[in-house]
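Source file: my_file-v8.txt (compact mmCIF, C-alpha atoms and all ligand atoms)
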```txt
# COMPACT_ATOMS: atom_id res chain seq x y z
CA MET A 1 -31.44 -149.39 -0.18
CA ASN A 2 -34.03 -152.09 -0.71
CA ILE A 3 -34.13 -154.18 -3.92
CA GLU A 4 -37.22 -156.10 -5.08
CA TYR A 5 -37.84 -158.08 -8.26
CA HIS A 6 -40.96 -158.42 -10.49
CA LYS A 7 -42.76 -155.82 -8.41
CA SER A 8 -46.23 -154.62 -9.35
CA LEU A 9 -46.31 -150.84 -9.85
CA LYS A 10 -50.09 -150.56 -9.32
CA GLN A 11 -49.63 -148.74 -5.98
CA TYR A 12 -46.90 -146.53 -7.41
CA ASN A 13 -48.76 -144.75 -10.21
CA THR A 14 -51.90 -142.67 -9.67
CA PHE A 15 -53.54 -144.17 -12.79
CA GLY A 16 -53.35 -147.50 -10.90
CA ILE A 17 -52.00 -149.36 -13.93
CA ASP A 18 -50.90 -152.86 -13.05
CA VAL A 19 -47.55 -153.32 -14.79
CA LYS A 20 -44.44 -154.86 -13.30
CA ALA A 21 -40.89 -153.63 -12.76
CA GLU A 22 -38.21 -156.22 -13.35
CA LYS A 23 -36.03 -154.64 -10.63
CA PHE A 24 -37.28 -152.04 -8.14
CA ILE A 25 -35.00 -150.16 -5.75
CA THR A 26 -36.34 -147.97 -2.96
CA ILE A 27 -34.02 -145.03 -2.37
CA LYS A 28 -34.33 -143.47 1.09
CA SER A 29 -31.25 -141.25 1.26
CA GLU A 30 -28.64 -139.60 -0.91
CA GLU A 31 -26.21 -142.34 0.18
CA ASP A 32 -28.71 -144.94 -1.10
CA LEU A 33 -28.90 -143.08 -4.37
CA ASN A 34 -25.13 -142.98 -4.80
CA GLU A 35 -24.85 -146.65 -3.93
CA ALA A 36 -27.65 -147.61 -6.31
CA LEU A 37 -26.19 -145.52 -9.14
CA SER A 38 -22.79 -147.12 -8.75
CA SER A 39 -24.13 -150.67 -8.48
CA CYS A 40 -26.52 -150.23 -11.45
CA LYS A 41 -23.99 -148.43 -13.67
CA ASN A 42 -24.82 -150.53 -16.69
CA ASP A 43 -28.59 -150.78 -16.22
CA PRO A 44 -31.08 -148.62 -18.07
CA LEU A 45 -32.81 -146.62 -15.30
CA PHE A 46 -36.38 -145.47 -14.79
CA ILE A 47 -36.92 -142.82 -12.13
CA LEU A 48 -40.21 -143.11 -10.28
CA SER A 49 -41.33 -140.38 -7.94
CA GLY A 50 -45.01 -140.05 -6.99
CA GLY A 51 -46.11 -141.60 -10.32
CA SER A 52 -48.74 -138.89 -10.68
CA ASN A 53 -47.92 -137.65 -14.16
CA MET A 54 -47.28 -140.81 -16.13
CA LEU A 55 -49.16 -143.45 -18.05
CA LEU A 56 -47.44 -146.83 -17.92
CA THR A 57 -48.32 -148.84 -21.03
CA GLN A 58 -46.18 -151.94 -20.43
CA ASP A 59 -43.87 -153.71 -17.96
CA ILE A 60 -40.74 -151.74 -17.15
CA LYS A 61 -37.62 -153.55 -18.27
CA ALA A 62 -35.30 -150.90 -16.82
CA THR A 63 -34.27 -150.78 -13.16
CA VAL A 64 -36.76 -148.61 -11.31
CA PHE A 65 -35.42 -146.15 -8.73
CA HIS A 66 -38.25 -145.17 -6.43
CA ILE A 67 -37.12 -141.88 -4.88
CA ALA A 68 -38.40 -141.87 -1.31
CA ILE A 69 -35.95 -139.47 0.38
CA THR A 70 -37.94 -137.51 2.97
CA GLY A 71 -37.22 -134.55 5.26
CA ILE A 72 -37.93 -130.82 5.43
CA THR A 73 -35.57 -128.09 6.64
CA VAL A 74 -36.28 -124.42 7.27
CA SER A 75 -33.87 -121.52 7.44
CA LYS A 76 -34.70 -117.90 8.02
CA LYS A 77 -34.00 -115.51 5.21
CA THR A 78 -35.37 -112.10 6.12
CA ASP A 79 -37.92 -110.79 8.64
CA ASN A 80 -40.69 -111.67 6.21
CA THR A 81 -39.43 -114.72 4.39
CA VAL A 82 -38.03 -118.19 5.01
CA LEU A 83 -36.24 -120.70 2.84
CA VAL A 84 -37.91 -124.09 3.06
CA SER A 85 -36.24 -127.15 1.54
CA ALA A 86 -38.01 -130.43 1.03
CA ASN A 87 -36.42 -133.68 -0.05
CA ALA A 88 -37.68 -135.24 -3.25
CA GLY A 89 -39.70 -138.04 -1.65
CA GLU A 90 -41.94 -135.76 0.43
CA ASN A 91 -45.58 -135.98 -0.59
CA TRP A 92 -46.40 -132.65 -2.25
CA HIS A 93 -49.72 -132.00 -0.51
CA ASP A 94 -48.35 -132.95 2.92
CA PHE A 95 -45.50 -130.54 2.31
CA VAL A 96 -47.93 -127.74 1.37
CA GLN A 97 -49.95 -128.47 4.54
CA PHE A 98 -46.76 -128.36 6.62
CA CYS A 99 -46.06 -124.88 5.19
CA ILE A 100 -49.60 -123.68 5.90
CA ASN A 101 -49.49 -124.97 9.49
CA GLU A 102 -46.21 -123.12 10.00
CA GLU A 103 -47.85 -120.00 8.48
CA TYR A 104 -45.49 -119.96 5.46
CA GLY A 105 -47.29 -118.48 2.45
CA GLY A 106 -46.83 -119.07 -1.27
CA LEU A 107 -47.87 -122.64 -1.97
CA GLU A 108 -51.49 -122.59 -0.73
CA ASN A 109 -52.99 -122.45 -4.27
CA LEU A 110 -51.08 -125.63 -5.06
CA SER A 111 -52.87 -127.66 -2.36
CA LEU A 112 -53.98 -131.22 -3.07
CA ILE A 113 -51.87 -131.71 -6.20
CA PRO A 114 -50.89 -135.40 -6.21
CA GLY A 115 -47.24 -136.44 -6.48
CA TYR A 116 -43.95 -135.87 -4.73
CA VAL A 117 -41.85 -132.74 -4.29
CA GLY A 118 -39.05 -134.05 -6.51
CA SER A 119 -41.10 -134.18 -9.67
CA ALA A 120 -42.90 -130.87 -9.10
CA PRO A 121 -40.22 -128.74 -10.84
CA ILE A 122 -40.05 -131.07 -13.85
CA GLN A 123 -43.44 -129.93 -15.11
CA ASN A 124 -43.58 -126.67 -13.12
CA ILE A 125 -46.85 -127.72 -11.47
CA GLY A 126 -49.51 -125.04 -11.44
CA ALA A 127 -53.09 -124.41 -10.40
CA TYR A 128 -55.48 -121.56 -9.64
CA GLY A 129 -53.25 -118.73 -10.81
CA VAL A 130 -49.99 -119.93 -9.21
CA GLU A 131 -47.09 -121.98 -10.52
CA LEU A 132 -44.26 -123.68 -8.65
CA LYS A 133 -41.77 -121.30 -10.27
CA ASP A 134 -43.33 -118.34 -8.40
CA SER A 135 -41.72 -119.42 -5.10
CA PHE A 136 -39.02 -121.77 -6.37
CA VAL A 137 -35.44 -120.84 -5.45
CA SER A 138 -33.34 -123.85 -6.46
CA CYS A 139 -33.17 -127.61 -6.60
CA GLU A 140 -30.40 -130.13 -6.06
CA ALA A 141 -29.97 -132.97 -8.50
CA ILE A 142 -27.57 -135.82 -9.09
CA HIS A 143 -26.30 -136.65 -12.57
CA LYS A 144 -27.29 -140.23 -13.42
CA ASN A 145 -23.97 -141.15 -15.01
CA THR A 146 -21.32 -139.01 -13.34
CA ARG A 147 -23.10 -138.90 -9.91
CA GLU A 148 -22.04 -135.26 -9.69
CA LYS A 149 -24.36 -133.04 -7.62
CA ARG A 150 -25.58 -129.85 -9.25
CA ILE A 151 -27.65 -126.97 -7.92
CA PHE A 152 -30.14 -125.55 -10.42
CA THR A 153 -31.29 -121.97 -9.89
CA LYS A 154 -34.68 -120.79 -11.11
CA GLU A 155 -33.03 -119.42 -14.25
CA ASP A 156 -31.24 -122.69 -14.92
CA CYS A 157 -34.57 -124.54 -14.86
CA GLU A 158 -36.03 -122.62 -17.85
CA PHE A 159 -39.56 -122.92 -16.49
CA GLY A 160 -42.55 -122.53 -18.80
CA TYR A 161 -46.21 -123.60 -18.78
CA ARG A 162 -46.03 -127.20 -17.48
CA ASN A 163 -42.45 -127.23 -18.71
CA SER A 164 -38.79 -127.02 -17.65
CA ILE A 165 -35.28 -127.94 -18.76
CA PHE A 166 -35.86 -131.37 -17.14
CA LYS A 167 -38.49 -132.14 -19.81
CA ASN A 168 -36.29 -130.86 -22.62
CA LYS A 169 -32.50 -130.46 -22.87
CA LEU A 170 -31.81 -132.43 -19.69
CA LYS A 171 -34.58 -135.00 -20.01
CA GLY A 172 -33.59 -138.20 -18.22
CA THR A 173 -30.18 -136.83 -17.19
CA TYR A 174 -30.59 -135.75 -13.57
CA ILE A 175 -32.37 -137.09 -10.49
CA ILE A 176 -33.79 -134.27 -8.38
CA THR A 177 -33.13 -134.84 -4.67
CA LYS A 178 -34.18 -131.60 -2.97
CA VAL A 179 -36.20 -128.47 -3.78
CA THR A 180 -35.96 -125.10 -2.01
CA PHE A 181 -38.69 -122.46 -1.91
CA GLU A 182 -38.79 -118.91 -0.62
CA LEU A 183 -42.01 -118.46 1.33
CA THR A 184 -43.50 -115.55 3.26
CA THR A 185 -43.97 -115.49 7.03
CA ALA A 186 -45.99 -112.25 7.03
CA ASN A 187 -47.67 -109.95 4.48
CA HIS A 188 -48.50 -112.94 2.34
CA LEU A 189 -49.06 -112.24 -1.35
CA LEU A 190 -52.43 -113.91 -1.69
CA ASN A 191 -53.66 -114.94 -5.11
CA THR A 192 -57.45 -115.10 -5.08
CA SER A 193 -57.98 -113.86 -8.63
CA TYR A 194 -59.09 -117.24 -10.01
CA GLY A 195 -62.88 -117.05 -10.32
CA ALA A 196 -63.63 -120.29 -8.52
CA ILE A 197 -61.51 -119.26 -5.50
CA GLU A 198 -63.25 -115.87 -5.27
CA LEU A 199 -66.63 -117.60 -5.31
CA ALA A 200 -65.64 -120.20 -2.71
CA LEU A 201 -64.38 -117.43 -0.36
CA GLN A 202 -67.53 -115.34 -0.93
CA ASP A 203 -69.65 -118.40 -0.10
CA LYS A 204 -67.87 -118.64 3.23
CA ASN A 205 -68.21 -114.87 3.78
CA CYS A 206 -64.45 -114.74 4.00
CA ILE A 207 -63.44 -111.10 3.52
CA LYS A 208 -59.85 -111.23 4.80
CA PRO A 209 -58.72 -114.72 3.79
CA THR A 210 -55.72 -116.41 5.39
CA ILE A 211 -53.45 -118.82 3.53
CA LYS A 212 -55.37 -121.63 5.25
CA ASP A 213 -58.69 -120.25 3.90
CA ILE A 214 -57.23 -120.25 0.38
CA SER A 215 -55.88 -123.76 0.78
CA GLU A 216 -59.29 -124.95 2.00
CA ALA A 217 -61.04 -123.24 -0.93
CA VAL A 218 -58.64 -124.87 -3.40
CA ILE A 219 -59.12 -128.27 -1.76
CA ALA A 220 -62.91 -127.91 -2.01
CA ILE A 221 -62.73 -126.86 -5.69
CA ARG A 222 -60.36 -129.67 -6.61
CA LYS A 223 -62.49 -132.24 -4.77
CA SER A 224 -65.59 -131.06 -6.63
CA LYS A 225 -64.00 -131.36 -10.09
CA LEU A 226 -61.07 -133.73 -9.99
CA PRO A 227 -61.25 -137.41 -9.11
CA ASP A 228 -59.28 -138.62 -6.08
CA PRO A 229 -56.64 -141.05 -7.43
CA LYS A 230 -57.20 -143.24 -4.35
CA GLU A 231 -60.76 -143.80 -5.53
CA ILE A 232 -60.44 -143.62 -9.30
CA GLY A 233 -57.14 -143.83 -11.14
CA ASN A 234 -56.07 -140.69 -13.03
CA SER A 235 -53.15 -138.35 -13.65
CA GLY A 236 -54.89 -134.98 -13.50
CA SER A 237 -54.99 -133.05 -16.76
CA PHE A 238 -54.06 -135.47 -19.52
CA PHE A 239 -53.46 -132.74 -22.11
CA LYS A 240 -52.05 -129.23 -21.97
CA ASN A 241 -54.32 -126.30 -22.73
CA PRO A 242 -53.44 -125.42 -26.34
CA VAL A 243 -52.28 -121.97 -27.37
CA ILE A 244 -53.67 -120.76 -30.71
CA SER A 245 -53.28 -117.59 -32.76
CA SER A 246 -55.71 -114.69 -32.19
CA THR A 247 -56.87 -115.05 -35.81
CA SER A 248 -57.77 -118.71 -35.36
CA PHE A 249 -59.46 -117.80 -32.10
CA ILE A 250 -61.63 -115.12 -33.73
CA ASN A 251 -62.78 -117.68 -36.32
CA LEU A 252 -63.56 -120.22 -33.60
CA LYS A 253 -65.45 -117.67 -31.55
CA ASN A 254 -67.67 -116.87 -34.53
CA THR A 255 -68.77 -120.50 -34.64
CA TYR A 256 -68.68 -121.13 -30.87
CA PRO A 257 -69.48 -117.83 -29.13
CA THR A 258 -69.24 -119.37 -25.62
CA ILE A 259 -65.69 -120.70 -25.97
CA PRO A 260 -63.68 -119.77 -22.84
CA SER A 261 -60.18 -118.31 -23.35
CA TYR A 262 -57.21 -116.72 -21.62
CA LYS A 263 -55.20 -114.08 -23.41
CA ILE A 264 -51.45 -114.79 -23.42
CA ASP A 265 -50.43 -111.76 -25.50
CA ASP A 266 -51.73 -109.85 -28.53
CA GLU A 267 -51.07 -112.78 -30.86
CA ASN A 268 -51.75 -115.81 -28.69
CA ILE A 269 -54.78 -117.17 -26.86
CA LYS A 270 -54.95 -120.21 -24.62
CA VAL A 271 -58.15 -122.25 -24.84
CA PRO A 272 -59.17 -124.89 -22.30
CA ALA A 273 -58.68 -128.39 -23.68
CA GLY A 274 -61.41 -129.57 -21.28
CA TRP A 275 -63.95 -127.42 -23.11
CA LEU A 276 -62.83 -128.67 -26.54
CA ILE A 277 -63.04 -132.30 -25.39
CA GLU A 278 -66.47 -131.76 -23.85
CA GLN A 279 -67.72 -130.23 -27.13
CA CYS A 280 -66.61 -133.42 -28.88
CA GLY A 281 -68.97 -135.38 -26.64
CA PHE A 282 -66.38 -137.25 -24.59
CA LYS A 283 -67.20 -135.93 -21.11
CA GLY A 284 -68.24 -138.79 -18.81
CA LYS A 285 -67.86 -141.37 -21.63
CA ARG A 286 -66.51 -144.80 -20.86
CA PHE A 287 -64.84 -147.28 -23.21
CA GLY A 288 -64.46 -150.45 -21.15
CA ASP A 289 -62.57 -149.33 -18.05
CA ALA A 290 -60.89 -146.37 -19.76
CA GLY A 291 -62.92 -143.19 -19.51
CA VAL A 292 -63.22 -139.42 -19.43
CA HIS A 293 -64.10 -137.88 -16.07
CA ASP A 294 -67.70 -136.70 -15.83
CA LYS A 295 -66.86 -133.39 -14.10
CA GLN A 296 -63.68 -132.39 -15.97
CA ALA A 297 -63.18 -133.66 -19.52
CA LEU A 298 -59.43 -132.95 -19.41
CA VAL A 299 -58.97 -135.84 -16.99
CA LEU A 300 -58.80 -139.41 -18.30
CA VAL A 301 -59.65 -142.08 -15.75
CA ASN A 302 -59.10 -145.75 -15.05
CA HIS A 303 -62.43 -147.05 -13.79
CA ASN A 304 -60.79 -150.17 -12.46
CA ASN A 305 -58.79 -152.48 -14.65
CA ALA A 306 -57.98 -150.47 -17.77
CA THR A 307 -54.56 -151.11 -19.25
CA GLY A 308 -52.25 -148.20 -19.98
CA GLN A 309 -52.57 -149.05 -23.66
CA GLU A 310 -56.39 -148.69 -23.51
CA ILE A 311 -56.10 -145.27 -21.91
CA PHE A 312 -53.46 -144.29 -24.45
CA GLU A 313 -55.75 -145.37 -27.30
CA LEU A 314 -58.60 -143.32 -25.84
CA SER A 315 -56.27 -140.31 -25.71
CA LEU A 316 -55.47 -140.80 -29.42
CA LYS A 317 -59.18 -140.95 -30.27
CA ILE A 318 -59.77 -137.70 -28.35
CA LYS A 319 -56.82 -136.00 -30.04
CA GLN A 320 -58.05 -137.03 -33.46
CA THR A 321 -61.64 -135.89 -32.82
CA VAL A 322 -60.51 -132.50 -31.47
CA LYS A 323 -58.26 -132.08 -34.51
CA GLU A 324 -61.10 -132.90 -36.91
CA LYS A 325 -63.66 -130.65 -35.21
CA PHE A 326 -61.51 -127.64 -34.25
CA ASP A 327 -58.28 -128.09 -36.24
CA ILE A 328 -56.36 -127.88 -32.95
CA SER A 329 -53.63 -130.37 -32.05
CA LEU A 330 -53.70 -131.32 -28.39
CA GLU A 331 -50.39 -131.97 -26.71
CA THR A 332 -50.16 -134.62 -24.00
CA GLU A 333 -49.24 -133.34 -20.55
CA VAL A 334 -48.85 -136.76 -18.98
CA ASN A 335 -45.67 -138.74 -19.83
CA ILE A 336 -46.58 -141.81 -21.83
CA ILE A 337 -44.17 -144.61 -20.91
CA LYS A 338 -43.80 -147.09 -23.76
N1 LIG A 401 -64.24 -126.68 -19.04
C1 LIG A 401 -65.31 -127.21 -19.74
N2 LIG A 401 -65.51 -128.57 -19.66
C2 LIG A 401 -64.73 -129.38 -18.96
C3 LIG A 401 -63.62 -128.84 -18.26
C4 LIG A 401 -63.40 -127.48 -18.32
O1 LIG A 401 -66.06 -126.50 -20.39
O2 LIG A 401 -65.00 -130.58 -18.93
C5 LIG A 401 -64.05 -125.22 -19.06
C6 LIG A 401 -64.41 -124.63 -17.68
O3 LIG A 401 -65.77 -124.33 -17.59
C7 LIG A 401 -63.57 -123.38 -17.63
C8 LIG A 401 -62.32 -123.79 -18.40
O4 LIG A 401 -62.68 -124.92 -19.19
O5 LIG A 401 -64.17 -122.34 -18.34
C9 LIG A 401 -61.13 -124.10 -17.52
O6 LIG A 401 -61.43 -125.17 -16.64
P1 LIG A 401 -60.69 -125.37 -15.23
O7 LIG A 401 -60.77 -124.15 -14.41
O8 LIG A 401 -61.18 -126.65 -14.63
O9 LIG A 401 -59.16 -125.49 -15.58
P2 LIG A 401 -58.38 -126.22 -16.76
O10 LIG A 401 -57.82 -125.19 -17.67
O11 LIG A 401 -59.20 -127.31 -17.37
C10 LIG A 401 -56.05 -126.08 -15.60
C11 LIG A 401 -54.93 -126.99 -15.21
C12 LIG A 401 -55.30 -127.80 -13.98
C13 LIG A 401 -55.56 -126.82 -12.84
C14 LIG A 401 -56.69 -125.86 -13.27
C15 LIG A 401 -56.91 -124.77 -12.27
C16 LIG A 401 -53.77 -127.52 -17.30
C17 LIG A 401 -53.48 -128.54 -18.33
N3 LIG A 401 -54.62 -127.88 -16.32
O12 LIG A 401 -57.16 -126.89 -15.96
O13 LIG A 401 -54.16 -128.58 -13.61
O14 LIG A 401 -55.92 -127.49 -11.65
O15 LIG A 401 -56.34 -125.21 -14.52
O16 LIG A 401 -55.85 -123.87 -12.30
O17 LIG A 401 -53.25 -126.41 -17.37
C18 LIG A 401 -53.12 -130.70 -13.83
O18 LIG A 401 -52.19 -130.12 -14.38
O19 LIG A 401 -53.12 -131.93 -13.66
C19 LIG A 401 -54.27 -129.93 -13.39
C20 LIG A 401 -55.35 -130.50 -12.84
```
Can you present the structure in this file as C-alpha cells?
Amino acid sequence: MNIEYHKSLKQYNTFGIDVKAEKFITIKSEEDLNEALSSCKNDPLFILSGGSNMLLTQDIKATVFHIAITGITVSKKTDNTVLVSANAGENWHDFVQFCINEEYGGLENLSLIPGYVGSAPIQNIGAYGVELKDSFVSCEAIHKNTREKRIFTKEDCEFGYRNSIFKNKLKGTYIITKVTFELTTANHLLNTSYGAIELALQDKNCIKPTIKDISEAVIAIRKSKLPDPKEIGNSGSFFKNPVISSTSFINLKNTYPTIPSYKIDDENIKVPAGWLIEQCGFKGKRFGDAGVHDKQALVLVNHNNATGQEIFELSLKIKQTVKEKFDISLETEVNIIK
C-alpha cells in the first residue's frame, strides 16, 4: 500500500474539484486493504472509488482509501451463461468493453458510464432501459471495523432506482472489493426499447443488432448529450428523476401538455428532472465556473475552476426554483461531501 500526504484530489473526482486529502492510501489488493484497515483503526475513513458520483465541497480530513484493486475472472455457468467477476478498482467502461469483446451480453446498455466497478452497486447504476441489478449476482465486501468479509446476494443489496442497502442501512459500513455478474454467451437478451437506441440503430440500418452495435449506439447517444468528464468536470445526473402522484401529474399536464413522463404504476409517475430544470431556464446557464450543461439540464458542470461549494449552491438554486415553479422537490443523486 502506498501512503501520500496533502494530496490533491482533482484527478480523483470527475467534477475535477481541487480539494486535498490529509492522508491518501492507494489500495491495490485485498491484503493492502486489510493492512490499511488495521493500521488506520482509529482514523475516520473516506472511501474513494472512481469519484464519479460525488461533489467534494472541502478538504478531506479523514484518511482516504483509494480502492484500486484490479482483475477480472470468468467462470462458466451453463451453456449460455458465464459468471464474470471484476475487482472493485476496474474502470467500469473498460470492464463493459472487455465483456463485449468476449461476446458476453448484459452490460452493453451501460457502456461509457464513468466510475469504477466497486461503486456501481452502491447506486445501482442504470441507463437506456437497463440497471446493474439486472445481471448482478453478488458482491464481496469487507467490514470497515471488523474486517470480516461478507458476500451480498442480489436480495441482500435491496436494489432500487439509483439505490441500494449501501446507501441506506449499511451506508459507510462496508468496502466493496469484487462484483460478480451473470452474462449471456449466446441468445443475448437485447434491450433496444429505449427510443434513442432504436433511432440510432435505424440510422445505421441495423436490423439484427449485436451487443457491440448496442454498445456503440449507447456510446454515440451518451457522447451527444453528456459531457466527457475528461473535458468538462461533471458527475452525470446531479438529481434523481422525481416520482409524483398521478393526480399531481394530471394537473401538471394540464398546464404543460408536452411534459414527458414514465408510468411507474397506476398511482405513480416519474418525470424527467432534466425537463423540469430546462423549463426553469437553467439549461446552458453559467454562474462563474459552475454551470448547467447545454445539452442535458440534469448535468451540472465545472467549467474549469469552480469550487464544490459553488456547484452545491447552484444545485440549491435549481432545487428551489423547481420547487417554486412545479411544487416538486428534487432529490440529489450525487453524494455531497461536506
Ligand atoms: N429532457 C429535457 N431537457 C433536458 C434533459 C432531458 O427536456 O435538458 C427530457 C428529454 O427530452 C427526454 C427526458 O427528459 O424526454 C429524458 O431525458 P434522457 O433520456 O436524457 O434521460 P434522463 O431521464 O434525463 C436518465 C438517467 C441517466 C441515463 C438516461 C438514459 C437518472 C437520474 N438519469 O436521464 O443517467 O443515462 O436516463 O437512460 O435517472 C446518471 O445517472 O448519471 C445518468 C446520466
(request) All residues within 8 Å of ligand LIG 401 (chain A) are required, counting all atoms listed in the file; please report them as a ChimeraX atom specification. (result) /A:53,113,125-130,161-162,194,196,222,225-226,235-241,259-261,271-279,283,293-299,333
(request) Could you check how far atom CA of A:Thr332 sits from atom CA of A:Lys167, in Å to one decimal? (result)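 Separation of atom CA of A:Thr332 and atom CA of A:Lys167: 12.6 Å.
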(request) Have a look at A:Asn168, A:Gln123, A:Thr210, A:Thr63 and name the one nearest to A:Glu108; count only C-alpha atoms. (result) A:Thr210
With a cut-off of 7 Å, could you pull out the residues of stretch 237-319 of chain A touching stretch 10-21 of chain A and give me the nearest pair of atoms for each, distance in Å to one decimal, using all atoms listed in the file, ordered by chain and ascending number, as a Markdown table?
```
| residue | atom | partner | partner_atom | distance |
| --- | --- | --- | --- | --- |
| A:Asn302 | CA | A:Phe15 | CA | 6.2 |
| A:Thr307 | CA | A:Ile17 | CA | 6.2 |
| A:Gly308 | CA | A:Ile17 | CA | 6.2 |
```
(message) I want to know what sits within 9 Å of A:Thr70, based on all atoms listed in the file, with residues of the same chain fewer than 4 positions away left out; could you give that as a count of residues only?
(response) 8
(request) Compile the contact shell of A:Met54 as an NGL selection string: residues with an atom at most 6 Å away, counting all atoms listed in the file, same-chain residues fewer than 4 positions apart removed. (result) :A and (334-336)
Write the residues of the selection above to a file with C-alpha atoms, as an mmCIF file, in the frame of the given file.
```cif
data_model
loop_
_atom_site.group_PDB
_atom_site.id
_atom_site.type_symbol
_atom_site.label_atom_id
_atom_site.label_comp_id
_atom_site.auth_asym_id
_atom_site.auth_seq_id
_atom_site.Cartn_x
_atom_site.Cartn_y
_atom_site.Cartn_z
ATOM 1 C CA VAL A 334 -48.850 -136.760 -18.980
ATOM 2 C CA ASN A 335 -45.670 -138.740 -19.830
ATOM 3 C CA ILE A 336 -46.580 -141.810 -21.830
#
```
(request) Grab the atom CA of A:Pro209 to atom CA of A:Ile264 distance for me, in Å with one decimal place. (result)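 Computed distance, atom CA of A:Pro209 to atom CA of A:Ile264, equals 28.2 Å.
Atom CA of A:His303 sits 6.7 Å away from atom CA of A:Gly233.
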(request) Check the smallest atom-to-atom distance from each of A:Lys319, A:Ile211, A:Thr192, A:Pro229 to A:Gly51 using only C-alpha atoms, then report the winner. (result)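 Using only C-alpha atoms, the shortest distance to A:Gly51 belongs to A:Pro229.
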(request) Write out as a PyMOL selection string the residues lying within 8 Å of stretch 74-85 of chain A, counting all atoms listed in the file and excluding same-chain residues fewer than 6 positions away. (result) chain A and resi 104+178-187
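Distances to A:Ala36 were evaluated for A:His188, A:Arg147, A:Lys7, A:Lys171 using all atoms listed in the file, and the minimum falls at A:Arg147.
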Identify, on the basis of all atoms listed in the file, every residue whose closest approach to A:Thr57 does not exceed 6 Å; exclude the query and any residue fewer than 2 positions from it along the same chain; express the result as an mmCIF file with C-alpha atoms, keeping the file's coordinate frame.
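Generated output (out_14.cif):
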```cif
data_model
loop_
_atom_site.group_PDB
_atom_site.id
_atom_site.type_symbol
_atom_site.label_atom_id
_atom_site.label_comp_id
_atom_site.auth_asym_id
_atom_site.auth_seq_id
_atom_site.Cartn_x
_atom_site.Cartn_y
_atom_site.Cartn_z
ATOM 1 C CA GLY A 308 -52.250 -148.200 -19.980
ATOM 2 C CA GLN A 309 -52.570 -149.050 -23.660
ATOM 3 C CA ILE A 337 -44.170 -144.610 -20.910
ATOM 4 C CA LYS A 338 -43.800 -147.090 -23.760
#
```
(message) Which residue is closest to A:Ile269? Choose from A:Ile151, A:Leu33, A:Ile47, A:Ile250 and count all atoms listed in the file.
(response)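 Looking only at the distances to A:Ile269, the closest residue turns out to be A:Ile250.
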(message) Nearest residue to A:Ile72 out of A:Arg150, A:Glu4, A:Thr177, A:Ile244, using all atoms listed in the file?
(response)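 Smallest distance to A:Ile72 is found for A:Thr177.
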(request) Write out as JSON, numbers by chain which residues come within 10 Å of A:Thr26 when counting only C-alpha atoms, dropping same-chain ones fewer than 5 positions away. (result) {"A": [1, 2, 3, 4, 32, 33, 36, 48, 64, 65, 66, 67, 68, 69]}
Taking the block just given, write stretch 47-59 of chain A to a file that holds N, CA and C atoms, as a PDB file, in the first residue's frame.
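Now in out_20.pdb:
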```pdb
ATOM      1  N   ILE A  47     -13.898   6.477   1.689  1.00  0.00           N
ATOM      2  CA  ILE A  47     -13.610   5.512   0.625  1.00  0.00           C
ATOM      3  C   ILE A  47     -13.815   6.184  -0.731  1.00  0.00           C
ATOM      4  N   LEU A  48     -12.763   6.168  -1.524  1.00  0.00           N
ATOM      5  CA  LEU A  48     -12.805   6.818  -2.838  1.00  0.00           C
ATOM      6  C   LEU A  48     -12.605   5.753  -3.909  1.00  0.00           C
ATOM      7  N   SER A  49     -13.611   5.661  -4.772  1.00  0.00           N
ATOM      8  CA  SER A  49     -13.518   4.696  -5.872  1.00  0.00           C
ATOM      9  C   SER A  49     -13.207   5.518  -7.121  1.00  0.00           C
ATOM     10  N   GLY A  50     -14.098   5.537  -8.111  1.00  0.00           N
ATOM     11  CA  GLY A  50     -13.821   6.323  -9.319  1.00  0.00           C
ATOM     12  C   GLY A  50     -14.109   7.814  -9.137  1.00  0.00           C
ATOM     13  N   GLY A  51     -14.729   8.202  -8.020  1.00  0.00           N
ATOM     14  CA  GLY A  51     -15.039   9.610  -7.765  1.00  0.00           C
ATOM     15  C   GLY A  51     -16.008  10.192  -8.777  1.00  0.00           C
ATOM     16  N   SER A  52     -16.893   9.334  -9.313  1.00  0.00           N
ATOM     17  CA  SER A  52     -17.758   9.810 -10.404  1.00  0.00           C
ATOM     18  C   SER A  52     -19.158  10.167  -9.938  1.00  0.00           C
ATOM     19  N   ASN A  53     -19.425   9.994  -8.640  1.00  0.00           N
ATOM     20  CA  ASN A  53     -20.777  10.311  -8.180  1.00  0.00           C
ATOM     21  C   ASN A  53     -20.720  11.118  -6.889  1.00  0.00           C
ATOM     22  N   MET A  54     -19.740  12.006  -6.813  1.00  0.00           N
ATOM     23  CA  MET A  54     -19.599  12.791  -5.583  1.00  0.00           C
ATOM     24  C   MET A  54     -19.231  14.229  -5.900  1.00  0.00           C
ATOM     25  N   LEU A  55     -19.643  15.111  -4.992  1.00  0.00           N
ATOM     26  CA  LEU A  55     -19.239  16.508  -5.096  1.00  0.00           C
ATOM     27  C   LEU A  55     -18.483  16.839  -3.817  1.00  0.00           C
ATOM     28  N   LEU A  56     -17.185  17.104  -3.969  1.00  0.00           N
ATOM     29  CA  LEU A  56     -16.341  17.400  -2.810  1.00  0.00           C
ATOM     30  C   LEU A  56     -16.420  18.899  -2.537  1.00  0.00           C
ATOM     31  N   THR A  57     -16.859  19.275  -1.342  1.00  0.00           N
ATOM     32  CA  THR A  57     -17.029  20.710  -1.080  1.00  0.00           C
ATOM     33  C   THR A  57     -15.930  21.285  -0.191  1.00  0.00           C
ATOM     34  N   GLN A  58     -15.083  20.421   0.373  1.00  0.00           N
ATOM     35  CA  GLN A  58     -13.956  20.929   1.168  1.00  0.00           C
ATOM     36  C   GLN A  58     -12.877  19.859   1.325  1.00  0.00           C
ATOM     37  N   ASP A  59     -11.710  20.263   1.855  1.00  0.00           N
ATOM     38  CA  ASP A  59     -10.628  19.300   2.060  1.00  0.00           C
ATOM     39  C   ASP A  59     -11.119  18.131   2.913  1.00  0.00           C
TER      40      ASP A  59
END
```
